[in-house]
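J.: Dropping a structure here in C-alpha cells format, bear with me for questions.
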Amino acid sequence: MSGKSGKSSDGAGAAPADRGPDEMSRFVERFASELAEAGMQRMAARVFAALLSSENASMTSAELALALQISPAAVSGAIRYLSQVDMVSREREPGSRRDRYVVHNEIWYESLTRRDQLLARWEKLLREGAETLGGVSTPAGVRLIETAAFMHFLQGEMQTMLERWRAHRATLDLPPVPSSGA
C-alpha cells in the first residue's frame with residue numbers, strides 16, 4: 001500500500017486516511033497470530049486477517065501477496081484452505097478474468113451455522129459407533145454415547161446462541177446485513 005490514504009495503486013483494499021499501512025500490518029499479524037494459536041494454518045490466518053480488515057473485505061491474489069509480502073503460491077494455498085472451510089469465497093471481477101477473494105459480513109454467524117450441521121453429522125456417526133461398540137455395556141460405547149450427547153447439547157445451545165445474536169445485533173448501531181448473492 002502506498003500514499004497517505006493507504007490505498008493500493010489500483011484503489012482496491014483501500015484503508016481510511018486515519019489508518020496507516022504499518023498499523024494495518026501490525027493488526028493483521030497480531031490477529032493472525034491469535035488465529036494460528038487457536039489452530040488455523042499460519043498463512044491462512046494471515047490471509048484471512050488481511051481480508052477481514054481490508055476496507056471492502058475483498059482483495060485479489062496480487063493484492064494479498066503485496067500486502068502480506070508473500071508469494072502467489074502461498075496466497076493460493078491459503079485461499080484453498082479458507083475456501084474449503086467456507087471462510088472466504090471467490091468472485092470474478094466484472095469484465096475481468098481476475099478473481100477477488102471475499103469475506104462476507106456474517107462470516108462468524110455462517111461459520112457457526114455450518115458447524116451446527118457438522119455437529120449433527122458427528123452425533124449421528126457417534127451414536128452408530130456406540131451401538132457397534134456395545135452401547136453402555138462397554139467403556140468405548142459409553143464414551144461415544146457421552147460424546148454424542150455432548151454434540152446434541154452443543155447443537156441446541158448453538159441454535160439458541162445464534163438466535164440471541166440476531167436479536168442482539170438488531171440492537172447495535174450497525175448497518176443492516178446485505179443479502180448474500182453468493
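Naming works like this for the C-alpha cells: A, B, ... for the chains as they're shown, residue 1 at the start of each chain, ligands 1 onward in shown order.
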Mind the document's chain letters and residue numbers, and return as a VMD selection string the residues of chain A that DSSP labels helix (DSSP H, G or I).
T.: chain A and resid 21 to 37 42 to 53 61 to 68 72 to 84 107 to 132 135 to 137 139 to 171
J.: If we count only C-alpha atoms, what is near Arg98 of chain A at a cut-off of 12 Å, once residues fewer than 2 positions away on the same chain are taken out, given as a ChimeraX atom specification?
T.: /A:59-63,90-96,100-101
J.: Atoms to include: all heavy atoms. Write the selected residues as a short mmCIF file (atom, residue, chain, number, x, y, z; two decimals), in the first residue's frame.
T.:
```cif
data_model
loop_
_atom_site.label_atom_id
_atom_site.label_comp_id
_atom_site.auth_asym_id
_atom_site.auth_seq_id
_atom_site.Cartn_x
_atom_site.Cartn_y
_atom_site.Cartn_z
N MET A 59 -10.03 -8.78 -1.77
CA MET A 59 -8.74 -8.48 -2.39
C MET A 59 -8.45 -9.52 -3.46
O MET A 59 -8.96 -10.64 -3.40
CB MET A 59 -7.62 -8.51 -1.34
CG MET A 59 -7.76 -7.45 -0.24
SD MET A 59 -6.54 -7.63 1.09
CE MET A 59 -5.15 -6.77 0.38
N THR A 60 -7.61 -9.16 -4.41
CA THR A 60 -7.14 -10.11 -5.41
C THR A 60 -5.92 -10.85 -4.85
O THR A 60 -5.34 -10.44 -3.84
CB THR A 60 -6.73 -9.41 -6.72
OG1 THR A 60 -5.59 -8.58 -6.45
CG2 THR A 60 -7.88 -8.60 -7.31
N SER A 61 -5.53 -11.89 -5.54
CA SER A 61 -4.34 -12.63 -5.14
C SER A 61 -3.11 -11.72 -5.14
O SER A 61 -2.30 -11.75 -4.22
CB SER A 61 -4.13 -13.80 -6.10
OG SER A 61 -3.00 -14.54 -5.73
N ALA A 62 -3.00 -10.89 -6.17
CA ALA A 62 -1.85 -9.97 -6.26
C ALA A 62 -1.85 -8.97 -5.10
O ALA A 62 -0.79 -8.67 -4.53
CB ALA A 62 -1.86 -9.24 -7.60
N GLU A 63 -3.02 -8.46 -4.75
CA GLU A 63 -3.12 -7.51 -3.63
C GLU A 63 -2.74 -8.18 -2.31
O GLU A 63 -2.04 -7.59 -1.48
CB GLU A 63 -4.53 -6.94 -3.55
CG GLU A 63 -4.87 -6.00 -4.68
CD GLU A 63 -6.35 -5.68 -4.80
OE1 GLU A 63 -7.18 -6.38 -4.19
OE2 GLU A 63 -6.67 -4.72 -5.50
N ARG A 90 -14.82 -16.93 -3.64
CA ARG A 90 -14.15 -16.39 -4.81
C ARG A 90 -15.21 -15.73 -5.69
O ARG A 90 -16.24 -16.33 -5.95
CB ARG A 90 -13.50 -17.53 -5.57
CG ARG A 90 -12.73 -17.16 -6.78
CD ARG A 90 -12.16 -18.40 -7.45
NE ARG A 90 -11.58 -19.28 -6.45
CZ ARG A 90 -10.38 -19.83 -6.55
NH1 ARG A 90 -9.65 -19.64 -7.60
NH2 ARG A 90 -9.92 -20.60 -5.58
N GLU A 91 -14.94 -14.52 -6.12
CA GLU A 91 -15.86 -13.81 -7.01
C GLU A 91 -15.06 -13.25 -8.17
O GLU A 91 -13.94 -12.78 -7.99
CB GLU A 91 -16.58 -12.68 -6.27
CG GLU A 91 -17.48 -13.17 -5.16
CD GLU A 91 -18.17 -12.07 -4.39
OE1 GLU A 91 -17.96 -10.87 -4.70
OE2 GLU A 91 -18.91 -12.40 -3.45
N ARG A 92 -15.65 -13.29 -9.33
CA ARG A 92 -14.99 -12.77 -10.53
C ARG A 92 -15.22 -11.27 -10.61
O ARG A 92 -16.33 -10.80 -10.40
CB ARG A 92 -15.58 -13.46 -11.76
CG ARG A 92 -14.99 -13.11 -13.07
CD ARG A 92 -13.61 -13.62 -13.30
NE ARG A 92 -13.57 -15.08 -13.20
CZ ARG A 92 -12.56 -15.81 -13.59
NH1 ARG A 92 -11.50 -15.25 -14.11
NH2 ARG A 92 -12.57 -17.10 -13.45
N GLU A 93 -14.16 -10.51 -10.90
CA GLU A 93 -14.31 -9.07 -11.11
C GLU A 93 -15.07 -8.86 -12.41
O GLU A 93 -14.74 -9.49 -13.42
CB GLU A 93 -12.94 -8.38 -11.21
CG GLU A 93 -12.24 -8.19 -9.90
CD GLU A 93 -10.99 -7.32 -10.06
OE1 GLU A 93 -10.44 -7.20 -11.17
OE2 GLU A 93 -10.60 -6.75 -9.04
N PRO A 94 -16.10 -8.02 -12.41
CA PRO A 94 -16.86 -7.77 -13.64
C PRO A 94 -15.95 -7.30 -14.77
O PRO A 94 -15.12 -6.42 -14.58
CB PRO A 94 -17.85 -6.67 -13.25
CG PRO A 94 -17.94 -6.75 -11.76
CD PRO A 94 -16.61 -7.24 -11.29
N GLY A 95 -16.09 -7.94 -15.92
CA GLY A 95 -15.30 -7.55 -17.09
C GLY A 95 -13.84 -7.92 -17.01
O GLY A 95 -13.02 -7.39 -17.76
N SER A 96 -13.48 -8.81 -16.10
CA SER A 96 -12.09 -9.16 -15.91
C SER A 96 -11.97 -10.67 -15.74
O SER A 96 -12.94 -11.36 -15.46
CB SER A 96 -11.55 -8.47 -14.65
OG SER A 96 -10.27 -8.96 -14.32
N ARG A 100 -11.48 -12.16 -7.17
CA ARG A 100 -11.36 -11.45 -5.89
C ARG A 100 -11.76 -12.44 -4.82
O ARG A 100 -12.68 -13.23 -5.00
CB ARG A 100 -12.28 -10.23 -5.83
CG ARG A 100 -11.91 -9.16 -6.85
CD ARG A 100 -12.55 -7.83 -6.55
NE ARG A 100 -11.97 -7.16 -5.41
CZ ARG A 100 -10.79 -6.54 -5.41
NH1 ARG A 100 -10.06 -6.52 -6.48
NH2 ARG A 100 -10.34 -5.94 -4.32
N TYR A 101 -11.10 -12.38 -3.70
CA TYR A 101 -11.42 -13.24 -2.57
C TYR A 101 -12.13 -12.38 -1.54
O TYR A 101 -11.69 -11.28 -1.23
CB TYR A 101 -10.14 -13.89 -2.03
CG TYR A 101 -9.48 -14.66 -3.14
CD1 TYR A 101 -8.35 -14.17 -3.78
CD2 TYR A 101 -10.04 -15.85 -3.59
CE1 TYR A 101 -7.78 -14.86 -4.84
CE2 TYR A 101 -9.48 -16.54 -4.65
CZ TYR A 101 -8.34 -16.04 -5.26
OH TYR A 101 -7.79 -16.72 -6.31
#
```
J.: Compile the contact shell of segment 114-116 of chain A as a list in words: residues with an atom at most 12 Å away, counting only C-alpha atoms, same-chain residues fewer than 4 positions apart removed.
T.: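 My reading of the contact set: Val85, Asp86, Met87, Ile107, Trp108, Tyr109, Glu110, Ala120, Arg121, Trp122, Glu123, Met151, His152, Phe153, Leu154, Gln155, Gly156, Glu157, Met158, Gln159, Thr160, Met161 and Leu162 of chain A.
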J.: Could you state the separation of atom CA of Ala140 of chain A and atom CA of Gln117 of chain A in Å, given to one decimal place?
T.: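 Computed distance, atom CA of Ala140 of chain A to atom CA of Gln117 of chain A, equals 24.5 Å.
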J.: Need to verify the contact set: Tyr81 of chain A, 12 Å, only C-alpha atoms, exclusion of same-chain residues closer than 2 positions in sequence. Can you return it as a list of chain:residue names?
T.: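 Within the cut-off, the hits are A:Met40, A:Gln41, A:Arg42, A:Met43, A:Ala44, A:Ala45, A:Val47, A:Phe48, A:Ala74, A:Val75, A:Ser76, A:Gly77, A:Ala78, A:Ile79, A:Ser83, A:Gln84, A:Val85, A:Asp86, A:Met87, A:Val88, A:Ser89.
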J.: For the residues selected in the previous step, produce a file with all heavy atoms as a compact mmCIF listing (two decimals), in the first residue's frame.
T.:
```txt
# COMPACT_ATOMS: atom_id res chain seq x y z
N MET A 40 -5.59 -22.45 13.43
CA MET A 40 -5.68 -22.21 11.99
C MET A 40 -4.27 -22.23 11.39
O MET A 40 -3.31 -21.84 12.05
CB MET A 40 -6.33 -20.84 11.71
CG MET A 40 -6.57 -20.58 10.23
SD MET A 40 -7.28 -18.95 9.87
CE MET A 40 -8.96 -19.22 10.33
N GLN A 41 -4.16 -22.68 10.16
CA GLN A 41 -2.87 -22.64 9.47
C GLN A 41 -2.36 -21.20 9.45
O GLN A 41 -3.13 -20.27 9.22
CB GLN A 41 -3.02 -23.15 8.04
CG GLN A 41 -3.40 -24.58 7.92
CD GLN A 41 -3.64 -24.99 6.46
OE1 GLN A 41 -3.54 -24.19 5.54
NE2 GLN A 41 -3.97 -26.25 6.27
N ARG A 42 -1.08 -21.02 9.68
CA ARG A 42 -0.49 -19.68 9.82
C ARG A 42 -0.74 -18.79 8.59
O ARG A 42 -1.18 -17.66 8.73
CB ARG A 42 1.02 -19.81 10.10
CG ARG A 42 1.72 -18.47 10.17
CD ARG A 42 1.70 -17.91 11.57
NE ARG A 42 2.45 -16.68 11.61
CZ ARG A 42 1.91 -15.50 11.89
NH1 ARG A 42 0.64 -15.40 12.19
NH2 ARG A 42 2.65 -14.42 11.91
N MET A 43 -0.45 -19.28 7.40
CA MET A 43 -0.60 -18.45 6.21
C MET A 43 -2.08 -18.16 5.96
O MET A 43 -2.44 -17.04 5.58
CB MET A 43 0.04 -19.12 4.99
CG MET A 43 0.22 -18.18 3.84
SD MET A 43 1.23 -16.71 4.21
CE MET A 43 2.81 -17.45 4.53
N ALA A 44 -2.93 -19.15 6.18
CA ALA A 44 -4.37 -18.93 6.01
C ALA A 44 -4.85 -17.87 7.00
O ALA A 44 -5.68 -17.02 6.67
CB ALA A 44 -5.13 -20.23 6.21
N ALA A 45 -4.31 -17.90 8.21
CA ALA A 45 -4.68 -16.90 9.22
C ALA A 45 -4.28 -15.51 8.77
O ALA A 45 -5.04 -14.55 8.93
CB ALA A 45 -4.02 -17.25 10.56
N VAL A 47 -3.86 -14.43 5.63
CA VAL A 47 -4.70 -14.04 4.50
C VAL A 47 -6.10 -13.67 5.00
O VAL A 47 -6.66 -12.65 4.60
CB VAL A 47 -4.74 -15.15 3.43
CG1 VAL A 47 -5.84 -14.91 2.41
CG2 VAL A 47 -3.38 -15.27 2.75
N PHE A 48 -6.66 -14.48 5.89
CA PHE A 48 -7.99 -14.19 6.43
C PHE A 48 -8.00 -12.85 7.16
O PHE A 48 -8.89 -12.03 6.98
CB PHE A 48 -8.46 -15.31 7.35
CG PHE A 48 -9.82 -15.05 7.93
CD1 PHE A 48 -10.95 -15.21 7.15
CD2 PHE A 48 -9.96 -14.64 9.24
CE1 PHE A 48 -12.22 -14.95 7.67
CE2 PHE A 48 -11.22 -14.39 9.76
CZ PHE A 48 -12.35 -14.54 8.97
N ALA A 74 1.82 -19.02 -1.97
CA ALA A 74 1.39 -19.00 -0.57
C ALA A 74 -0.05 -18.50 -0.48
O ALA A 74 -0.85 -19.03 0.30
CB ALA A 74 2.32 -18.14 0.27
N VAL A 75 -0.38 -17.48 -1.28
CA VAL A 75 -1.76 -16.98 -1.30
C VAL A 75 -2.69 -18.09 -1.77
O VAL A 75 -3.73 -18.33 -1.16
CB VAL A 75 -1.89 -15.73 -2.22
CG1 VAL A 75 -3.36 -15.36 -2.39
CG2 VAL A 75 -1.10 -14.56 -1.67
N SER A 76 -2.31 -18.77 -2.83
CA SER A 76 -3.14 -19.83 -3.40
C SER A 76 -3.42 -20.93 -2.37
O SER A 76 -4.56 -21.37 -2.22
CB SER A 76 -2.45 -20.41 -4.63
OG SER A 76 -3.21 -21.46 -5.18
N GLY A 77 -2.40 -21.37 -1.68
CA GLY A 77 -2.58 -22.41 -0.67
C GLY A 77 -3.48 -21.95 0.47
O GLY A 77 -4.34 -22.71 0.94
N ALA A 78 -3.30 -20.72 0.90
CA ALA A 78 -4.12 -20.18 1.99
C ALA A 78 -5.57 -20.05 1.55
O ALA A 78 -6.50 -20.41 2.29
CB ALA A 78 -3.58 -18.83 2.45
N ILE A 79 -5.79 -19.57 0.33
CA ILE A 79 -7.15 -19.41 -0.20
C ILE A 79 -7.81 -20.77 -0.35
O ILE A 79 -9.00 -20.93 -0.05
CB ILE A 79 -7.14 -18.63 -1.54
CG1 ILE A 79 -6.76 -17.18 -1.30
CG2 ILE A 79 -8.47 -18.77 -2.26
CD1 ILE A 79 -7.75 -16.37 -0.48
N SER A 83 -11.20 -21.50 1.55
CA SER A 83 -12.38 -21.85 0.75
C SER A 83 -12.97 -23.18 1.21
O SER A 83 -14.19 -23.33 1.30
CB SER A 83 -12.01 -21.95 -0.74
OG SER A 83 -11.62 -20.70 -1.23
N GLN A 84 -12.10 -24.14 1.51
CA GLN A 84 -12.57 -25.45 1.97
C GLN A 84 -13.34 -25.36 3.28
O GLN A 84 -14.27 -26.13 3.50
CB GLN A 84 -11.38 -26.42 2.14
CG GLN A 84 -10.80 -26.88 0.84
CD GLN A 84 -9.52 -27.66 1.02
OE1 GLN A 84 -8.90 -27.67 2.09
NE2 GLN A 84 -9.08 -28.32 -0.04
N VAL A 85 -12.96 -24.43 4.13
CA VAL A 85 -13.66 -24.28 5.41
C VAL A 85 -14.69 -23.15 5.35
O VAL A 85 -15.19 -22.70 6.39
CB VAL A 85 -12.67 -24.08 6.60
CG1 VAL A 85 -11.80 -25.32 6.78
CG2 VAL A 85 -11.81 -22.85 6.42
N ASP A 86 -15.02 -22.72 4.13
CA ASP A 86 -16.06 -21.72 3.88
C ASP A 86 -15.85 -20.40 4.61
O ASP A 86 -16.81 -19.77 5.05
CB ASP A 86 -17.45 -22.29 4.23
CG ASP A 86 -17.86 -23.41 3.31
OD1 ASP A 86 -17.58 -23.29 2.09
OD2 ASP A 86 -18.46 -24.37 3.78
N MET A 87 -14.61 -19.97 4.72
CA MET A 87 -14.34 -18.68 5.36
C MET A 87 -14.17 -17.57 4.34
O MET A 87 -14.25 -16.39 4.69
CB MET A 87 -13.13 -18.77 6.27
CG MET A 87 -13.40 -19.66 7.48
SD MET A 87 -12.02 -19.73 8.63
CE MET A 87 -12.18 -18.14 9.42
N VAL A 88 -13.89 -17.92 3.09
CA VAL A 88 -13.81 -16.94 2.01
C VAL A 88 -14.51 -17.51 0.79
O VAL A 88 -14.68 -18.72 0.67
CB VAL A 88 -12.36 -16.56 1.63
CG1 VAL A 88 -11.60 -15.96 2.77
CG2 VAL A 88 -11.62 -17.72 1.02
N SER A 89 -14.92 -16.62 -0.08
CA SER A 89 -15.47 -17.06 -1.36
C SER A 89 -14.72 -16.35 -2.47
O SER A 89 -14.08 -15.33 -2.27
CB SER A 89 -16.97 -16.78 -1.44
OG SER A 89 -17.22 -15.40 -1.38
```
J.: Report the distance between atom CA of Ala50 of chain A and atom CA of Leu64 of chain A in Å, rounded to one decimal place.
T.: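 Result for atom CA of Ala50 of chain A versus atom CA of Leu64 of chain A: 7.4 Å, one decimal.
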J.: Write out as a VMD selection string all residues of chain A that backbone DSSP assigns to strand (DSSP E or B).
T.: chain A and resid 58 to 60 89 to 92 99 to 102
J.: To one decimal in Å, tell me the separation between atom CA of Ser53 of chain A and atom CA of Gly20 of chain A.
T.: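 Atom-to-atom, atom CA of Ser53 of chain A to atom CA of Gly20 of chain A, that is 12.4 Å.
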J.: Of the candidates A:Pro175, A:Thr113, A:Ala67, A:Val142, which shows the shortest atom-to-atom distance to Leu126 of chain A, using only C-alpha atoms?
T.: A:Val142
J.: What's the 12 Å shell around Glu128 of chain A, counting only C-alpha atoms, without same-chain residues fewer than 5 positions away, as a ChimeraX atom specification?
T.: /A:121-123,133-135,141,144-145,147-148
